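Structure record follows, encoded as structure tokens.
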Amino acid sequence: MRAMRIPARIPGLKLATVLTAVYAAVWISLEGELRQEVALGVAVTLVTAGHLVQNWLGGQTLGRVQGLLLALAIGGLAGGLSGLLTLAFMVLKTGLHAHGPEFTGEEIAWVIDQILWWSAAGLLAGLGVGLLLMELELEQEQEEESS
């Protein structure tokens, strides 16, 4: 039976958390640059999603349909939330530096326009992760049967 086993510990999550925290500390002192805000928004969203999945679902085995739907939902939400968090970081950066707007109206509009696209990309990424986890589970089952 094809299933999806969520790892009890997501490989590389601790390192990603540390690197994101270091980048956030450096980010505070940098002048507003759209790419920096996007990088932080995406990184914080992915690290947070990773911790939530690990803490709530780690070690569980889900059915094929349930697992794929969950992976799609998590991916889509992470994609959309990346855009919203990017906007929040843009606001925070402007408030921290307090020397006038850090970002143009066009940059803000661009991020808002991207949220739907990032959600779609997150859906596809979630589907890919879900299919990968299912395949890894299938390979493990086949190894156990042949032993």
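Ordering of the structure tokens sets the chain letters (A, B, ...); residue numbers start at 1 within each chain; ligands are numbered from 1 in the order shown.
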* Contact residues around A:Thr86 with only C-alpha atoms at 8 Å, ignoring same-chain residues under 6 positions, as a VMD selection string -> chain A and resid 37 to 38 40 to 42 111
* Asked: Do you know which residues are at most 9 Å from A:Val129 counting only C-alpha atoms, after dropping those on the same chain fewer than 3 positions away, and could you put them as a ChimeraX atom specification?
  -> /A:68,71-72,75,124-126,132-134
* Counting only C-alpha atoms, which of A:Val47, A:Met90, A:Ala39, A:Leu34 gets nearest to A:Val18? -> A:Val47
What are the closest atom pairs, with distances in Å to one decimal, for each residue of stretch 4-106 of chain A lying within 7 Å of stretch 115-119 of chain A, using only C-alpha atoms, rows by chain and rising residue number, as a Markdown table?
```
| residue | atom | partner | partner_atom | distance |
| --- | --- | --- | --- | --- |
| A:Gly76 | CA | A:Ser119 | CA | 4.6 |
| A:Leu77 | CA | A:Ser119 | CA | 6.5 |
| A:Gly79 | CA | A:Ser119 | CA | 4.1 |
| A:Gly80 | CA | A:Ser119 | CA | 4.5 |
| A:Gly83 | CA | A:Ile115 | CA | 5.2 |
```
Expected file: the selected residues, N, CA and C atoms, as an mmCIF file, in the first residue's frame:
```
data_model
loop_
_atom_site.group_PDB
_atom_site.id
_atom_site.type_symbol
_atom_site.label_atom_id
_atom_site.label_comp_id
_atom_site.auth_asym_id
_atom_site.auth_seq_id
_atom_site.Cartn_x
_atom_site.Cartn_y
_atom_site.Cartn_z
ATOM 1 N N GLY A 76 0.641 25.073 -0.411
ATOM 2 C CA GLY A 76 -0.107 26.252 -0.855
ATOM 3 C C GLY A 76 -0.149 27.342 0.196
ATOM 4 N N LEU A 77 -0.374 26.948 1.442
ATOM 5 C CA LEU A 77 -0.378 27.931 2.530
ATOM 6 C C LEU A 77 0.994 28.567 2.715
ATOM 7 N N GLY A 79 3.295 28.956 0.474
ATOM 8 C CA GLY A 79 3.536 29.875 -0.642
ATOM 9 C C GLY A 79 2.851 31.209 -0.435
ATOM 10 N N GLY A 80 1.572 31.165 -0.075
ATOM 11 C CA GLY A 80 0.827 32.400 0.143
ATOM 12 C C GLY A 80 1.327 33.179 1.352
ATOM 13 N N GLY A 83 4.418 35.422 0.869
ATOM 14 C CA GLY A 83 4.151 36.767 0.363
ATOM 15 C C GLY A 83 3.651 37.704 1.450
#
```
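For the choices A:His51, A:Glu141, A:Phe103, A:Gln114, the atom-to-atom distance to A:Arg9 is smallest for A:His51 when using only C-alpha atoms.
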* To do: Pick out the closest residue to A:Gly130 from this set: A:Pro7, A:Leu70, A:Ala109, A:Gly58. Count only C-alpha atoms.
  => A:Leu70
* Asked: Which parts of chain A does DSSP call helix (DSSP H, G or I) when run on the backbone here, written out as number ranges by chain?
  -> A: 13-29, 34-57, 64-97, 105-146
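Atom CA of A:Ser82 to atom CA of A:Gln66 spans 24.0 Å [interatomic distance, one decimal].
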* Asked: Please, which residues of chain A, numbered as in this document, come out strand (DSSP E) from DSSP, as an MDAnalysis selection string?
  -> chainID A and resid 3:5 61:63
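Reported to one decimal place, the separation of atom CA of A:Val53 from atom CA of A:Ala8 is 9.3 Å.
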* **Within 12 Å of A:Thr20 using only C-alpha atoms, minus same-chain residues under 4 positions, as a VMD selection string** => chain A and resid 13 to 16 24 to 27 36 39 to 48
Export, as a CSV table (one decimal), in the first residue's frame, the selected residues with C-alpha atoms.
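That gives us part16.csv:
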```csv
chain,number,residue,atom,x,y,z
A,13,LEU,CA,15.8,21.8,9.9
A,14,LYS,CA,18.0,22.8,12.8
A,15,LEU,CA,20.6,24.1,10.4
A,16,ALA,CA,18.0,26.0,8.4
A,24,ALA,CA,17.4,37.8,10.3
A,25,ALA,CA,19.9,39.4,12.7
A,26,VAL,CA,22.0,40.7,9.7
A,27,TRP,CA,18.8,41.7,7.9
A,36,GLN,CA,16.3,40.6,1.1
A,39,ALA,CA,14.4,35.9,1.1
A,40,LEU,CA,13.6,36.4,4.8
A,41,GLY,CA,9.8,36.0,4.2
A,42,VAL,CA,10.3,32.7,2.4
A,43,ALA,CA,13.0,31.4,4.8
A,44,VAL,CA,10.9,32.2,8.0
A,45,THR,CA,7.8,30.7,6.4
A,46,LEU,CA,9.6,27.4,5.4
A,47,VAL,CA,11.4,27.0,8.7
A,48,THR,CA,8.2,27.6,10.6
```
